[in-house]
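Everything below belongs to query_18.pdb, which stores PDB, C-alpha atoms.
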```
ATOM      1  CA  MET A   1     -30.882  28.041  10.329
ATOM      2  CA  PHE A   2     -29.262  26.756  13.518
ATOM      3  CA  SER A   3     -31.205  26.585  16.766
ATOM      4  CA  LYS A   4     -30.291  28.703  19.763
ATOM      5  CA  ARG A   5     -28.418  26.955  22.552
ATOM      6  CA  ILE A   6     -30.718  27.357  25.519
ATOM      7  CA  ASP A   7     -30.874  24.321  27.699
ATOM      8  CA  LYS A   8     -28.180  21.690  28.394
ATOM      9  CA  ASN A   9     -30.689  18.860  28.234
ATOM     10  CA  GLN A  10     -32.035  20.066  24.890
ATOM     11  CA  ILE A  11     -28.513  20.435  23.495
ATOM     12  CA  GLU A  12     -27.320  17.008  24.637
ATOM     13  CA  LEU A  13     -30.420  14.862  24.237
ATOM     14  CA  GLY A  14     -32.844  16.854  22.118
ATOM     15  CA  HIS A  15     -33.651  17.080  18.435
ATOM     16  CA  ASP A  16     -32.694  20.704  17.705
ATOM     17  CA  PHE A  17     -29.473  21.224  15.746
ATOM     18  CA  ALA A  18     -27.661  23.894  17.771
ATOM     19  CA  PRO A  19     -23.959  23.717  16.876
ATOM     20  CA  LYS A  20     -21.573  25.630  19.129
ATOM     21  CA  PHE A  21     -18.873  27.712  17.457
ATOM     22  CA  ASN A  22     -15.872  28.674  19.591
ATOM     23  CA  ASN A  23     -14.809  32.238  20.386
ATOM     24  CA  GLN A  24     -13.155  32.408  16.963
ATOM     25  CA  GLY A  25     -16.424  31.390  15.315
ATOM     26  CA  LEU A  26     -15.151  27.901  14.462
ATOM     27  CA  ILE A  27     -16.208  24.318  15.144
ATOM     28  CA  PRO A  28     -13.918  21.272  14.762
ATOM     29  CA  CYS A  29     -14.838  18.754  12.057
ATOM     30  CA  ILE A  30     -13.764  15.108  11.830
ATOM     31  CA  THR A  31     -14.197  13.704   8.322
ATOM     32  CA  VAL A  32     -14.492   9.955   7.862
ATOM     33  CA  ASP A  33     -14.962   7.637   4.897
ATOM     34  CA  ALA A  34     -18.686   6.852   4.613
ATOM     35  CA  ASP A  35     -18.046   3.210   3.730
ATOM     36  CA  SER A  36     -15.150   2.171   5.974
ATOM     37  CA  GLY A  37     -15.561   4.722   8.776
ATOM     38  CA  GLU A  38     -11.804   5.450   8.582
ATOM     39  CA  VAL A  39     -10.840   8.920   9.798
ATOM     40  CA  LEU A  40      -9.614  10.826   6.749
ATOM     41  CA  MET A  41      -8.855  14.300   8.070
ATOM     42  CA  PHE A  42      -9.563  16.943  10.671
ATOM     43  CA  ALA A  43     -10.418  20.547   9.838
ATOM     44  CA  TRP A  44     -12.403  23.526  11.059
ATOM     45  CA  MET A  45     -15.682  25.073   9.882
ATOM     46  CA  ASP A  46     -17.168  28.491  10.419
ATOM     47  CA  LYS A  47     -20.923  29.063  10.193
ATOM     48  CA  VAL A  48     -20.757  29.731   6.445
ATOM     49  CA  ALA A  49     -18.738  26.570   5.742
ATOM     50  CA  LEU A  50     -21.188  24.449   7.720
ATOM     51  CA  LYS A  51     -24.165  26.000   5.921
ATOM     52  CA  MET A  52     -22.493  25.485   2.535
ATOM     53  CA  THR A  53     -21.722  21.859   3.435
ATOM     54  CA  ILE A  54     -25.373  21.256   4.320
ATOM     55  CA  GLU A  55     -26.702  23.057   1.245
ATOM     56  CA  THR A  56     -24.308  21.689  -1.381
ATOM     57  CA  ASN A  57     -23.500  18.261   0.112
ATOM     58  CA  LYS A  58     -19.835  19.030  -0.604
ATOM     59  CA  ALA A  59     -17.485  19.172   2.386
ATOM     60  CA  THR A  60     -16.531  22.811   2.900
ATOM     61  CA  TYR A  61     -14.116  23.994   5.552
ATOM     62  CA  PHE A  62     -12.574  27.196   6.886
ATOM     63  CA  SER A  63      -8.823  27.479   6.443
ATOM     64  CA  ARG A  64      -7.343  29.175   9.492
ATOM     65  CA  SER A  65      -3.999  29.726   7.749
ATOM     66  CA  ARG A  66      -5.559  31.324   4.662
ATOM     67  CA  GLY A  67      -8.453  32.904   6.585
ATOM     68  CA  LYS A  68     -11.072  31.787   4.088
ATOM     69  CA  ILE A  69     -13.669  29.235   3.076
ATOM     70  CA  TRP A  70     -12.285  26.219   1.302
ATOM     71  CA  VAL A  71     -14.360  23.762  -0.734
ATOM     72  CA  LYS A  72     -12.492  20.470  -0.418
ATOM     73  CA  GLY A  73     -11.248  19.379  -3.815
ATOM     74  CA  GLU A  74     -11.307  22.807  -5.467
ATOM     75  CA  SER A  75      -7.568  22.543  -6.206
ATOM     76  CA  SER A  76      -6.980  18.767  -5.984
ATOM     77  CA  GLY A  77     -10.127  17.658  -7.828
ATOM     78  CA  ARG A  78     -10.838  15.307  -4.917
ATOM     79  CA  GLU A  79     -14.213  16.408  -3.662
ATOM     80  CA  GLN A  80     -15.927  14.956  -0.630
ATOM     81  CA  ILE A  81     -19.613  14.207  -1.154
ATOM     82  CA  VAL A  82     -21.374  14.279   2.189
ATOM     83  CA  GLU A  83     -23.564  11.298   3.059
ATOM     84  CA  LYS A  84     -24.241  12.209   6.664
ATOM     85  CA  ILE A  85     -23.487  14.963   9.163
ATOM     86  CA  LEU A  86     -23.202  13.921  12.794
ATOM     87  CA  VAL A  87     -22.792  16.060  15.879
ATOM     88  CA  ASP A  88     -21.403  15.125  19.267
ATOM     89  CA  CYS A  89     -23.192  15.157  22.616
ATOM     90  CA  ASP A  90     -22.624  18.823  23.468
ATOM     91  CA  GLN A  91     -22.823  19.861  19.796
ATOM     92  CA  ASP A  92     -19.384  21.438  19.636
ATOM     93  CA  VAL A  93     -17.855  18.915  17.194
ATOM     94  CA  ILE A  94     -19.061  17.902  13.720
ATOM     95  CA  GLN A  95     -18.411  14.558  12.024
ATOM     96  CA  LEU A  96     -18.850  14.241   8.261
ATOM     97  CA  ARG A  97     -19.260  10.882   6.556
ATOM     98  CA  VAL A  98     -18.137  11.382   2.970
ATOM     99  CA  LYS A  99     -17.441   9.633  -0.302
ATOM    100  CA  MET A 100     -14.428  10.984  -2.141
ATOM    101  CA  THR A 101     -14.825  11.549  -5.866
ATOM    102  CA  ARG A 102     -11.184  10.420  -6.149
ATOM    103  CA  GLU A 103      -9.156   8.810  -3.361
ATOM    104  CA  GLY A 104      -6.718  10.913  -1.356
ATOM    105  CA  ALA A 105      -7.879  13.252   1.415
ATOM    106  CA  CYS A 106      -4.402  14.464   2.395
ATOM    107  CA  HIS A 107      -2.491  17.188   0.560
ATOM    108  CA  ASN A 108       0.546  14.918   0.807
ATOM    109  CA  GLY A 109      -1.203  12.389  -1.425
ATOM    110  CA  TYR A 110      -2.247   9.837   1.176
ATOM    111  CA  ARG A 111      -5.761   8.378   1.539
ATOM    112  CA  SER A 112      -5.931   9.782   5.080
ATOM    113  CA  CYS A 113      -3.958  12.505   6.854
ATOM    114  CA  PHE A 114      -3.297   9.964   9.619
ATOM    115  CA  TYR A 115      -0.648   7.966   7.771
ATOM    116  CA  ARG A 116       1.846   7.728  10.637
ATOM    117  CA  SER A 117       1.718   6.340  14.195
ATOM    118  CA  VAL A 118       3.943   6.665  17.230
ATOM    119  CA  ASP A 119       6.470   3.807  17.286
ATOM    120  CA  SER A 120       5.512   1.449  20.119
ATOM    121  CA  ASP A 121       9.221   0.776  20.823
ATOM    122  CA  ASP A 122      10.365   4.412  20.661
ATOM    123  CA  ASP A 123       7.871   7.113  21.517
ATOM    124  CA  THR A 124       9.980   9.818  19.893
ATOM    125  CA  SER A 125       9.611   8.213  16.461
ATOM    126  CA  LEU A 126       6.881   7.699  13.911
ATOM    127  CA  VAL A 127       6.274   4.725  11.658
ATOM    128  CA  TYR A 128       4.260   4.778   8.448
ATOM    129  CA  GLU A 129       0.822   3.133   8.618
ATOM    130  CA  ILE A 130      -0.033   3.955   5.002
ATOM    131  CA  ASN A 131       2.865   3.536   2.628
ATOM    132  CA  ASP A 132       1.342   4.043  -0.780
ATOM    133  CA  ARG A 133       0.193   7.438  -1.941
ATOM    134  CA  SER A 134      -3.187   7.748  -3.675
ATOM    135  CA  PHE A 135      -1.777  10.531  -5.845
ATOM    136  CA  ASP A 136       1.443  12.413  -6.427
ATOM    137  CA  PRO A 137       1.036  15.916  -4.972
ATOM    138  CA  ASP A 138       3.585  17.278  -7.453
ATOM    139  CA  ASN A 139       1.160  16.407 -10.246
ATOM    140  CA  VAL A 140      -1.920  17.802  -8.529
ATOM    141  CA  TYR A 141      -1.087  21.124  -6.866
TER
ATOM    142  CA  MET B   1      10.355  13.491  24.835
ATOM    143  CA  PHE B   2       8.836  15.230  21.814
ATOM    144  CA  SER B   3      10.999  16.425  18.938
ATOM    145  CA  LYS B   4      11.357  20.086  18.108
ATOM    146  CA  ARG B   5       9.384  21.331  15.122
ATOM    147  CA  ILE B   6      12.042  22.604  12.778
ATOM    148  CA  ASP B   7      11.362  21.826   9.183
ATOM    149  CA  LYS B   8       8.004  21.469   7.367
ATOM    150  CA  ASN B   9       9.239  18.487   5.378
ATOM    151  CA  GLN B  10      10.452  16.720   8.510
ATOM    152  CA  ILE B  11       7.174  17.428  10.302
ATOM    153  CA  GLU B  12       4.956  16.228   7.448
ATOM    154  CA  LEU B  13       6.932  13.359   5.985
ATOM    155  CA  GLY B  14       9.644  12.495   8.526
ATOM    156  CA  HIS B  15       9.939  10.046  11.387
ATOM    157  CA  ASP B  16      10.313  12.432  14.337
ATOM    158  CA  PHE B  17       7.297  12.766  16.615
ATOM    159  CA  ALA B  18       6.904  16.536  16.962
ATOM    160  CA  PRO B  19       3.316  17.245  18.070
ATOM    161  CA  LYS B  20       2.142  20.851  17.863
ATOM    162  CA  PHE B  21       0.209  22.246  20.804
ATOM    163  CA  ASN B  22      -1.891  25.361  20.201
ATOM    164  CA  ASN B  23      -1.420  28.707  21.959
ATOM    165  CA  GLN B  24      -3.356  27.303  24.915
ATOM    166  CA  GLY B  25      -0.958  24.338  25.097
ATOM    167  CA  LEU B  26      -3.555  21.901  23.755
ATOM    168  CA  ILE B  27      -3.830  19.470  20.844
ATOM    169  CA  PRO B  28      -7.121  17.989  19.548
ATOM    170  CA  CYS B  29      -7.590  14.236  19.929
ATOM    171  CA  ILE B  30      -9.963  11.986  17.973
ATOM    172  CA  THR B  31     -10.574   8.678  19.737
ATOM    173  CA  VAL B  32     -11.754   5.701  17.699
ATOM    174  CA  ASP B  33     -12.608   2.073  18.467
ATOM    175  CA  ALA B  34      -9.531  -0.033  17.685
ATOM    176  CA  ASP B  35     -11.596  -2.842  16.164
ATOM    177  CA  SER B  36     -14.326  -1.065  14.201
ATOM    178  CA  GLY B  37     -12.619   2.275  13.589
ATOM    179  CA  GLU B  38     -15.812   4.060  14.720
ATOM    180  CA  VAL B  39     -15.237   7.563  16.069
ATOM    181  CA  LEU B  40     -16.080   7.435  19.778
ATOM    182  CA  MET B  41     -15.293  10.918  21.020
ATOM    183  CA  PHE B  42     -13.281  14.093  20.594
ATOM    184  CA  ALA B  43     -11.269  15.708  23.377
ATOM    185  CA  TRP B  44      -8.156  17.779  24.022
ATOM    186  CA  MET B  45      -4.752  16.882  25.440
ATOM    187  CA  ASP B  46      -2.035  19.004  26.959
ATOM    188  CA  LYS B  47       1.592  17.856  26.955
ATOM    189  CA  VAL B  48       1.186  16.034  30.276
ATOM    190  CA  ALA B  49      -1.952  14.187  29.134
ATOM    191  CA  LEU B  50      -0.224  13.055  25.934
ATOM    192  CA  LYS B  51       2.843  11.870  27.882
ATOM    193  CA  MET B  52       0.636  10.025  30.395
ATOM    194  CA  THR B  53      -1.299   8.402  27.540
ATOM    195  CA  ILE B  54       1.953   7.177  25.982
ATOM    196  CA  GLU B  55       3.425   5.986  29.276
ATOM    197  CA  THR B  56       0.345   4.303  30.780
ATOM    198  CA  ASN B  57      -1.470   3.196  27.601
ATOM    199  CA  LYS B  58      -4.633   4.638  29.134
ATOM    200  CA  ALA B  59      -6.327   7.483  27.259
ATOM    201  CA  THR B  60      -5.766  10.647  29.270
ATOM    202  CA  TYR B  61      -7.192  14.034  28.297
ATOM    203  CA  PHE B  62      -7.224  17.618  29.503
ATOM    204  CA  SER B  63     -10.619  18.943  30.540
ATOM    205  CA  ARG B  64     -10.937  22.566  29.466
ATOM    206  CA  SER B  65     -14.052  23.105  31.609
ATOM    207  CA  ARG B  66     -12.438  21.689  34.755
ATOM    208  CA  GLY B  67      -8.934  22.886  33.869
ATOM    209  CA  LYS B  68      -7.278  19.591  34.740
ATOM    210  CA  ILE B  69      -5.988  16.237  33.550
ATOM    211  CA  TRP B  70      -8.634  13.583  33.228
ATOM    212  CA  VAL B  71      -7.917   9.847  32.962
ATOM    213  CA  LYS B  72     -10.819   8.484  30.919
ATOM    214  CA  GLY B  73     -12.837   6.069  33.029
ATOM    215  CA  GLU B  74     -11.730   7.379  36.424
ATOM    216  CA  SER B  75     -15.347   8.132  37.342
ATOM    217  CA  SER B  76     -17.274   5.905  34.900
ATOM    218  CA  GLY B  77     -15.069   2.792  35.183
ATOM    219  CA  ARG B  78     -14.898   2.762  31.382
ATOM    220  CA  GLU B  79     -11.196   3.027  30.640
ATOM    221  CA  GLN B  80      -9.750   3.293  27.154
ATOM    222  CA  ILE B  81      -6.722   1.072  26.592
ATOM    223  CA  VAL B  82      -4.618   2.555  23.814
ATOM    224  CA  GLU B  83      -3.609   0.229  20.976
ATOM    225  CA  LYS B  84      -2.153   2.855  18.672
ATOM    226  CA  ILE B  85      -1.454   6.582  18.591
ATOM    227  CA  LEU B  86      -1.605   8.257  15.192
ATOM    228  CA  VAL B  87      -0.760  11.797  14.210
ATOM    229  CA  ASP B  88      -1.923  13.796  11.214
ATOM    230  CA  CYS B  89       0.192  15.246   8.415
ATOM    231  CA  ASP B  90       1.153  18.499  10.126
ATOM    232  CA  GLN B  91       1.218  16.849  13.551
ATOM    233  CA  ASP B  92      -1.362  19.109  15.150
ATOM    234  CA  VAL B  93      -4.050  16.432  15.660
ATOM    235  CA  ILE B  94      -3.797  13.112  17.545
ATOM    236  CA  GLN B  95      -5.867  10.007  16.834
ATOM    237  CA  LEU B  96      -6.095   7.264  19.478
ATOM    238  CA  ARG B  97      -7.202   3.746  18.634
ATOM    239  CA  VAL B  98      -8.557   2.268  21.853
ATOM    240  CA  LYS B  99     -10.307  -0.710  23.381
ATOM    241  CA  MET B 100     -12.821   0.190  26.050
ATOM    242  CA  THR B 101     -12.764  -1.906  29.215
ATOM    243  CA  ARG B 102     -16.569  -1.497  29.226
ATOM    244  CA  GLU B 103     -18.645  -0.092  26.353
ATOM    245  CA  GLY B 104     -19.805   3.511  26.467
ATOM    246  CA  ALA B 105     -17.496   6.418  25.641
ATOM    247  CA  CYS B 106     -20.087   9.162  26.129
ATOM    248  CA  HIS B 107     -21.080  10.587  29.508
ATOM    249  CA  ASN B 108     -24.689  10.322  28.309
ATOM    250  CA  GLY B 109     -24.325   6.530  28.196
ATOM    251  CA  TYR B 110     -23.966   6.018  24.462
ATOM    252  CA  ARG B 111     -21.238   3.948  22.802
ATOM    253  CA  SER B 112     -20.060   7.038  20.917
ATOM    254  CA  CYS B 113     -20.612  10.756  21.533
ATOM    255  CA  PHE B 114     -21.796  10.977  17.898
ATOM    256  CA  TYR B 115     -25.220   9.434  18.447
ATOM    257  CA  ARG B 116     -27.203  12.011  16.432
ATOM    258  CA  SER B 117     -27.109  13.241  12.833
ATOM    259  CA  VAL B 118     -28.602  16.181  10.998
ATOM    260  CA  ASP B 119     -31.972  15.192   9.520
ATOM    261  CA  SER B 120     -31.599  14.999   5.740
ATOM    262  CA  ASP B 121     -35.135  16.355   5.288
ATOM    263  CA  ASP B 122     -34.874  19.180   7.846
ATOM    264  CA  ASP B 123     -31.459  20.629   8.536
ATOM    265  CA  THR B 124     -32.591  22.262  11.769
ATOM    266  CA  SER B 125     -33.340  18.890  13.345
ATOM    267  CA  LEU B 126     -31.368  15.921  14.604
ATOM    268  CA  VAL B 127     -32.226  12.231  14.398
ATOM    269  CA  TYR B 128     -30.812   9.521  16.630
ATOM    270  CA  GLU B 129     -28.263   7.210  14.981
ATOM    271  CA  ILE B 130     -27.660   5.200  18.156
ATOM    272  CA  ASN B 131     -30.824   4.521  20.121
ATOM    273  CA  ASP B 132     -29.683   2.165  22.853
ATOM    274  CA  ARG B 133     -27.519   3.333  25.704
ATOM    275  CA  SER B 134     -24.556   1.197  26.765
ATOM    276  CA  PHE B 135     -25.097   2.278  30.347
ATOM    277  CA  ASP B 136     -27.452   4.416  32.415
ATOM    278  CA  PRO B 137     -25.559   7.561  33.426
ATOM    279  CA  ASP B 138     -27.741   7.901  36.545
ATOM    280  CA  ASN B 139     -26.241   4.659  37.832
ATOM    281  CA  VAL B 140     -22.645   5.534  36.937
ATOM    282  CA  TYR B 141     -21.966   9.158  37.881
TER
END
```
Would you write out, as structure tokens, the structure that this file holds?
Amino acid sequence: MFSKRIDKNQIELGHDFAPKFNNQGLIPCITVDADSGEVLMFAWMDKVALKMTIETNKATYFSRSRGKIWVKGESSGREQIVEKILVDCDQDVIQLRVKMTREGACHNGYRSCFYRSVDSDDDTSLVYEINDRSFDPDNVY
Amino acid sequence: MFSKRIDKNQIELGHDFAPKFNNQGLIPCITVDADSGEVLMFAWMDKVALKMTIETNKATYFSRSRGKIWVKGESSGREQIVEKILVDCDQDVIQLRVKMTREGACHNGYRSCFYRSVDSDDDTSLVYEINDRSFDPDNVY
């Protein structure tokens, strides 16, 4: 399914999809909201997860902690329907543009996993950027 | 400078900045445009690069291929001024919101490194999402 990685010029500027998996067989994936472009989460994919994502249009990742494929939403009911799959210049990072069937990409209940930022007055502290949860994790997991 | 990672609840929901570096001493970084939110690039940081980014407000990464710190824009003249630093739920991914001093985050001259997507009619092929270069890399590097 995926092209072989032969030539730097072909990889970076060509039209063959030749994703590069690292020495653990994984590729990083940035998932963003298809409408707003907001970064929702970051996860990893193995070859099977990427193939499943392409074939089913449902974001599917590889959980390093559980050592297995993970269809987003299988336990939370919040699936991510894939509108577009992008790849970066050297094809070693994937970006998914998705629509969530129900809001809340983070297991802590927030719309995005990036709900905190480094305090500009105190770089040892975090401040909340998103204050309201989209769901209560105690009711979902 | 960074807090110790002690307690899962503190890491995920607290106010201490306790970034987690992997077993190679690196943390993934997603860099987005501060105004549009568009994902511009993906890179890695070591502890020094993250500290330099916080202290100088200029996006600073660690190049795995060159094995050294890399201040974005030092060769292209396209610096990334950091407006905000976000961290994900388990604090093992950084997101930078930046303003570029001159457009073009990708070494191939494109605004974003994610200038191609998987063709929806042929999943072995890529189509260009961004057609116009922000700069000609032959004139810059």
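Minimum atom-to-atom distance to Asn22 (chain A), evaluated using all atoms listed in the file, belongs to A:Gln91 out of A:Arg111, A:Tyr61, A:Gln91, A:Ser3.
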Shell around Ile6 (chain B) at 10 Å using all atoms listed in the file, local window under 4 positions removed, as a PyMOL selection string: chain B and resi 10-11+18
Hits from the PyMOL selection byres ((chain A) within 8 of (chain B)), listed as a count of residues only: 37
All residues 12 Å or closer to Val71 (chain A), all atoms listed in the file, same chain fewer than 3 positions away omitted, as a PyMOL selection string: chain A and resi 43-45+48-50+52-53+56-63+68+74-81
Least-squares superposed chain A, target chain B, every Cα, as a short mmCIF file (atom, residue, chain, number, x, y, z; two decimals) with C-alpha atoms, in the coordinates of the input:
```
data_model
loop_
_atom_site.label_atom_id
_atom_site.label_comp_id
_atom_site.auth_asym_id
_atom_site.auth_seq_id
_atom_site.Cartn_x
_atom_site.Cartn_y
_atom_site.Cartn_z
CA MET A 1 10.36 13.53 24.84
CA PHE A 2 8.84 15.24 21.81
CA SER A 3 11.01 16.43 18.94
CA LYS A 4 11.37 20.10 18.09
CA ARG A 5 9.39 21.34 15.11
CA ILE A 6 12.06 22.61 12.77
CA ASP A 7 11.37 21.83 9.17
CA LYS A 8 8.01 21.47 7.37
CA ASN A 9 9.24 18.49 5.38
CA GLN A 10 10.46 16.73 8.51
CA ILE A 11 7.17 17.42 10.30
CA GLU A 12 4.96 16.23 7.45
CA LEU A 13 6.94 13.35 5.99
CA GLY A 14 9.62 12.49 8.52
CA HIS A 15 9.93 10.04 11.38
CA ASP A 16 10.31 12.43 14.34
CA PHE A 17 7.28 12.76 16.62
CA ALA A 18 6.89 16.54 16.98
CA PRO A 19 3.30 17.24 18.07
CA LYS A 20 2.14 20.85 17.86
CA PHE A 21 0.21 22.24 20.82
CA ASN A 22 -1.89 25.35 20.20
CA ASN A 23 -1.42 28.69 21.96
CA GLN A 24 -3.35 27.28 24.93
CA GLY A 25 -0.96 24.34 25.11
CA LEU A 26 -3.55 21.89 23.76
CA ILE A 27 -3.82 19.46 20.85
CA PRO A 28 -7.11 17.99 19.56
CA CYS A 29 -7.58 14.23 19.93
CA ILE A 30 -9.96 11.99 17.98
CA THR A 31 -10.57 8.67 19.74
CA VAL A 32 -11.76 5.70 17.71
CA ASP A 33 -12.61 2.08 18.47
CA ALA A 34 -9.53 -0.02 17.68
CA ASP A 35 -11.59 -2.83 16.18
CA SER A 36 -14.33 -1.06 14.20
CA GLY A 37 -12.61 2.29 13.59
CA GLU A 38 -15.81 4.07 14.71
CA VAL A 39 -15.23 7.57 16.08
CA LEU A 40 -16.07 7.43 19.78
CA MET A 41 -15.28 10.92 21.04
CA PHE A 42 -13.29 14.09 20.60
CA ALA A 43 -11.27 15.72 23.37
CA TRP A 44 -8.17 17.79 24.02
CA MET A 45 -4.75 16.89 25.44
CA ASP A 46 -2.04 19.01 26.95
CA LYS A 47 1.59 17.86 26.96
CA VAL A 48 1.17 16.04 30.28
CA ALA A 49 -1.96 14.19 29.13
CA LEU A 50 -0.23 13.05 25.95
CA LYS A 51 2.83 11.88 27.88
CA MET A 52 0.64 10.04 30.40
CA THR A 53 -1.30 8.40 27.55
CA ILE A 54 1.95 7.18 25.98
CA GLU A 55 3.41 5.99 29.29
CA THR A 56 0.34 4.31 30.78
CA ASN A 57 -1.47 3.19 27.60
CA LYS A 58 -4.65 4.64 29.14
CA ALA A 59 -6.34 7.48 27.26
CA THR A 60 -5.78 10.66 29.27
CA TYR A 61 -7.19 14.03 28.31
CA PHE A 62 -7.22 17.63 29.49
CA SER A 63 -10.62 18.95 30.53
CA ARG A 64 -10.92 22.57 29.45
CA SER A 65 -14.02 23.11 31.60
CA ARG A 66 -12.42 21.69 34.75
CA GLY A 67 -8.91 22.90 33.86
CA LYS A 68 -7.27 19.59 34.72
CA ILE A 69 -5.98 16.24 33.54
CA TRP A 70 -8.62 13.58 33.21
CA VAL A 71 -7.92 9.85 32.96
CA LYS A 72 -10.82 8.49 30.92
CA GLY A 73 -12.84 6.08 33.02
CA GLU A 74 -11.73 7.38 36.42
CA SER A 75 -15.36 8.13 37.34
CA SER A 76 -17.28 5.90 34.89
CA GLY A 77 -15.06 2.81 35.18
CA ARG A 78 -14.89 2.75 31.38
CA GLU A 79 -11.21 3.03 30.63
CA GLN A 80 -9.76 3.29 27.16
CA ILE A 81 -6.73 1.07 26.58
CA VAL A 82 -4.62 2.55 23.81
CA GLU A 83 -3.61 0.24 20.98
CA LYS A 84 -2.15 2.86 18.69
CA ILE A 85 -1.46 6.59 18.59
CA LEU A 86 -1.61 8.25 15.19
CA VAL A 87 -0.76 11.80 14.21
CA ASP A 88 -1.92 13.79 11.22
CA CYS A 89 0.20 15.24 8.42
CA ASP A 90 1.16 18.50 10.13
CA GLN A 91 1.23 16.84 13.57
CA ASP A 92 -1.36 19.11 15.16
CA VAL A 93 -4.04 16.42 15.67
CA ILE A 94 -3.80 13.11 17.54
CA GLN A 95 -5.88 10.00 16.84
CA LEU A 96 -6.11 7.26 19.47
CA ARG A 97 -7.23 3.74 18.63
CA VAL A 98 -8.57 2.26 21.85
CA LYS A 99 -10.31 -0.72 23.37
CA MET A 100 -12.82 0.18 26.04
CA THR A 101 -12.76 -1.91 29.20
CA ARG A 102 -16.56 -1.50 29.22
CA GLU A 103 -18.64 -0.10 26.35
CA GLY A 104 -19.81 3.50 26.46
CA ALA A 105 -17.49 6.40 25.64
CA CYS A 106 -20.09 9.15 26.12
CA HIS A 107 -21.08 10.58 29.50
CA ASN A 108 -24.68 10.31 28.31
CA GLY A 109 -24.33 6.53 28.20
CA TYR A 110 -23.97 6.02 24.46
CA ARG A 111 -21.24 3.93 22.79
CA SER A 112 -20.07 7.04 20.92
CA CYS A 113 -20.62 10.75 21.53
CA PHE A 114 -21.79 10.99 17.91
CA TYR A 115 -25.22 9.45 18.45
CA ARG A 116 -27.20 12.01 16.44
CA SER A 117 -27.11 13.23 12.82
CA VAL A 118 -28.61 16.18 11.00
CA ASP A 119 -31.99 15.20 9.52
CA SER A 120 -31.59 15.00 5.74
CA ASP A 121 -35.15 16.36 5.29
CA ASP A 122 -34.87 19.18 7.85
CA ASP A 123 -31.45 20.63 8.53
CA THR A 124 -32.60 22.26 11.76
CA SER A 125 -33.34 18.88 13.35
CA LEU A 126 -31.38 15.91 14.61
CA VAL A 127 -32.24 12.24 14.40
CA TYR A 128 -30.82 9.52 16.62
CA GLU A 129 -28.25 7.21 14.98
CA ILE A 130 -27.66 5.20 18.16
CA ASN A 131 -30.81 4.51 20.12
CA ASP A 132 -29.69 2.16 22.84
CA ARG A 133 -27.53 3.33 25.70
CA SER A 134 -24.56 1.20 26.76
CA PHE A 135 -25.11 2.28 30.36
CA ASP A 136 -27.44 4.41 32.43
CA PRO A 137 -25.56 7.57 33.44
CA ASP A 138 -27.73 7.90 36.55
CA ASN A 139 -26.22 4.66 37.82
CA VAL A 140 -22.64 5.53 36.94
CA TYR A 141 -21.93 9.16 37.86
#
```
Gap from CA of Ser65 (chain A) to CA of Phe21 (chain A) - Å, one decimal: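 Calculated distance between CA of Ser65 (chain A) and CA of Phe21 (chain A) is 17.9 Å.
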Between CA of Asp33 (chain A) and CA of Lys99 (chain A) - distance in Å to one decimal: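 For CA of Lys99 (chain A) relative to CA of Asp33 (chain A), the distance reads 6.1 Å.
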Coordinates-based distance that separates CA of Ile130 (chain A) from CA of Val82 (chain B) (Å, one decimal):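 For CA of Val82 (chain B) relative to CA of Ile130 (chain A), the distance reads 19.4 Å.
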As lines of an AutoDock Vina configuration file, please report the centre and edge lengths, rounded to one decimal in Å, of the axis-aligned box that holds all listed atoms of region 41-57 of chain B with 3 Å of padding on each of the six sides.
```
center_x = -5.9
center_y = 11.1
center_z = 25.7
size_x = 24.7
size_y = 21.8
size_z = 16.2
```
Proximity to Pro19 (chain B) - best of B:Gly73, B:Val140, B:Glu103, B:Arg5, all atoms listed in the file: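 Using all atoms listed in the file, Pro19 (chain B) sits closest to B:Arg5.
For the residues A:Leu26, A:Lys20, A:Lys72, A:Arg64, ranking by smallest atom-to-atom distance to Arg102 (chain A) using only C-alpha atoms places A:Lys72 first.
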